[in-house]
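**Student:** First the structure, which I've put down as structure tokens, then a few questions once you've had a look.
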Amino acid sequence: MDSEQVSGTSTPLRARIERRLAVGRHHVVLRSIDADNIGELRMVNSSVLPIAYNDAFYADVWNKHPVELSCLAYLNGQAVGGISCRREVSAETPDGPKDRIYIMTLCVLPAYRRLNIGSMLLQCIIETFVADPTYEYMCLHVQTSNEQALRFYGKNGFYIYSRVDGYYRLNVGVEPPHAFFLRRELR
């Protein structure tokens with residue numbers, strides 16, 4: 001992670017990452033998440049997801065997890081999508097630990113779903129880590145009944161690795177409570 005030390009303090013400054021892409025006649029900007037725009041990620045997530053994430057979740061996204069693992073998509077200056085991921089150790093090997101990227105959230109507001117913004121968000125993360133040999137794969141859980149998400153991830157190279165019965169059992173109102181664990185190899 002790019003960071004600098006503020007002179008006289010131990011507070012890291014997180015470098016802002018920004019990519020500009022064209023979608024037809026529209027311009028999409030992918031921007032890293034920071035204290036100034038974390039509220040926009042919360043707005044996108046709460047508009048799309050059946051699960052409400054708490055303040056600690058959002059604090060971790062911009063304060064704990066590497067800046068390269070999350071970003072927001074802006075179309076004409078408005079936040080219309082976002083992805084937030086975390087690094088997890090997946091296996092210990094003789095060459096050292098192997099990591100995986102766990103997708104915590106990936107959302108695009110319904111009105112913008114046919115513009116490939118979700119795929120752009122995924123690709124932004126993939127391009128950052130595909131050359132890093134310590135990262136083996138990306139993964140996430142998807143509710144078994146969420147056919148739209150399963151099709152989306154399938155088109156983006158993910159496959160069903162396993163089924164986890166009761167994964168969402170602690171999330172009141174999420175039915176069915178079962179999830180598929182999806183994977184996408186990075187090599």
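Starting from 1 in every chain, residues are counted up; chains themselves are A, B, ... following the order of the structure tokens, and ligands are numbered from 1 as listed.
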Please, which residues in stretch 27-70 of chain A fall within 9 Å of stretch 114-128 of chain A when counting only C-alpha atoms, and what is the closest atom pair and distance in Å to one decimal for each, ordered by chain then residue number, as a tab-separated table?

**Tutor:**
residue	atom	partner	partner_atom	distance
A:Val28	CA	A:Ile117	CA	8.0
A:Leu30	CA	A:Leu121	CA	7.4
A:Glu68	CA	A:Ile125	CA	7.0
A:Leu69	CA	A:Ile125	CA	6.2
A:Ser70	CA	A:Ile125	CA	7.5

**Student:** Mind checking DSSP for stretch 13-177 of chain A and telling me the helix (DSSP H, G or I) residues as a count of residues only?

**Tutor:** 51

**Student:** If we count only C-alpha atoms and set the cut-off at 12 Å, which residues sit around A:Val80, ignoring sequence neighbours fewer than 2 positions away in its own chain? Please answer as a PyMOL selection string.

**Tutor:** chain A and resi 28-31+40-45+47-48+71-78+82-83+106-118+121

**Student:** Please list as a list in words every residue within 12 Å of A:Lys155, counting only C-alpha atoms and excluding residues in the same chain fewer than 2 positions away.

**Tutor:**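 What passes the distance filter is Asn116, Gly118, Ser119, Leu122, Gln148, Ala149, Leu150, Arg151, Phe152, Tyr153, Gly157, Phe158, Tyr159 and Arg184 of chain A.
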
**Student:** Give me every strand (DSSP E) residue in stretch 5-133 of chain A, going by DSSP on the backbone, as a PyMOL selection string.

**Tutor:** chain A and resi 5+12-14+18-23+26-32+70-75+78-93+96-108

**Student:** Take the residues from that selection and write them out as an mmCIF file, in the first residue's frame, keeping C-alpha atoms.

**Tutor:**
data_model
loop_
_atom_site.group_PDB
_atom_site.id
_atom_site.type_symbol
_atom_site.label_atom_id
_atom_site.label_comp_id
_atom_site.auth_asym_id
_atom_site.auth_seq_id
_atom_site.Cartn_x
_atom_site.Cartn_y
_atom_site.Cartn_z
ATOM 1 C CA GLN A 5 4.078 9.443 7.230
ATOM 2 C CA PRO A 12 -0.337 7.095 7.437
ATOM 3 C CA LEU A 13 -1.638 9.066 4.466
ATOM 4 C CA ARG A 14 -3.348 6.729 2.032
ATOM 5 C CA GLU A 18 -8.111 6.729 -9.651
ATOM 6 C CA ARG A 19 -8.795 5.181 -13.079
ATOM 7 C CA ARG A 20 -10.857 6.729 -15.857
ATOM 8 C CA LEU A 21 -12.746 4.501 -18.303
ATOM 9 C CA ALA A 22 -15.202 5.112 -21.130
ATOM 10 C CA VAL A 23 -18.565 3.341 -21.340
ATOM 11 C CA HIS A 26 -20.282 7.983 -20.530
ATOM 12 C CA HIS A 27 -17.128 8.341 -18.491
ATOM 13 C CA VAL A 28 -16.676 6.074 -15.474
ATOM 14 C CA VAL A 29 -14.162 6.956 -12.783
ATOM 15 C CA LEU A 30 -12.988 4.235 -10.389
ATOM 16 C CA ARG A 31 -11.706 5.856 -7.210
ATOM 17 C CA SER A 32 -10.225 4.340 -4.075
ATOM 18 C CA SER A 70 -11.734 -1.393 -2.585
ATOM 19 C CA CYS A 71 -13.073 1.297 -4.882
ATOM 20 C CA LEU A 72 -16.148 3.210 -5.950
ATOM 21 C CA ALA A 73 -17.444 3.697 -9.501
ATOM 22 C CA TYR A 74 -18.645 7.164 -10.449
ATOM 23 C CA LEU A 75 -20.697 7.931 -13.518
ATOM 24 C CA GLN A 78 -22.378 10.177 -8.963
ATOM 25 C CA ALA A 79 -21.370 7.024 -7.053
ATOM 26 C CA VAL A 80 -23.189 4.180 -8.808
ATOM 27 C CA GLY A 81 -21.231 1.124 -7.661
ATOM 28 C CA GLY A 82 -18.595 -0.119 -5.276
ATOM 29 C CA ILE A 83 -16.448 -3.079 -4.345
ATOM 30 C CA SER A 84 -14.831 -3.817 -0.990
ATOM 31 C CA CYS A 85 -12.458 -6.717 -0.425
ATOM 32 C CA ARG A 86 -10.058 -7.986 2.201
ATOM 33 C CA ARG A 87 -6.905 -10.055 2.129
ATOM 34 C CA GLU A 88 -7.091 -13.454 3.828
ATOM 35 C CA VAL A 89 -4.477 -16.155 4.302
ATOM 36 C CA SER A 90 -5.710 -19.182 2.365
ATOM 37 C CA ALA A 91 -2.887 -21.690 2.898
ATOM 38 C CA GLU A 92 0.556 -22.160 4.371
ATOM 39 C CA THR A 93 3.058 -23.576 1.896
ATOM 40 C CA GLY A 96 5.328 -19.113 2.658
ATOM 41 C CA PRO A 97 1.671 -18.183 3.096
ATOM 42 C CA LYS A 98 -0.628 -17.938 0.089
ATOM 43 C CA ASP A 99 -3.320 -15.295 0.182
ATOM 44 C CA ARG A 100 -6.749 -14.901 -1.296
ATOM 45 C CA ILE A 101 -8.890 -11.834 -1.959
ATOM 46 C CA TYR A 102 -12.289 -12.113 -0.313
ATOM 47 C CA ILE A 103 -14.991 -9.919 -1.864
ATOM 48 C CA MET A 104 -17.027 -8.547 1.024
ATOM 49 C CA THR A 105 -19.376 -6.444 -1.119
ATOM 50 C CA LEU A 106 -19.830 -5.696 -4.808
ATOM 51 C CA CYS A 107 -22.822 -3.553 -5.718
ATOM 52 C CA VAL A 108 -24.067 -1.531 -8.654
#

**Student:** Pick from A:Ile51, A:Ile38, A:Ile33, A:Ala59: nearest to A:Val174, with only C-alpha atoms counted?

**Tutor:**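 Smallest distance to A:Val174 is found for A:Ile51.
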
**Student:** What gap, in Å, lies between atom CA of A:Tyr168 and atom CA of A:Ser46?

**Tutor:**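 Taking atom CA of A:Tyr168 and atom CA of A:Ser46, their separation equals 16.8 Å.
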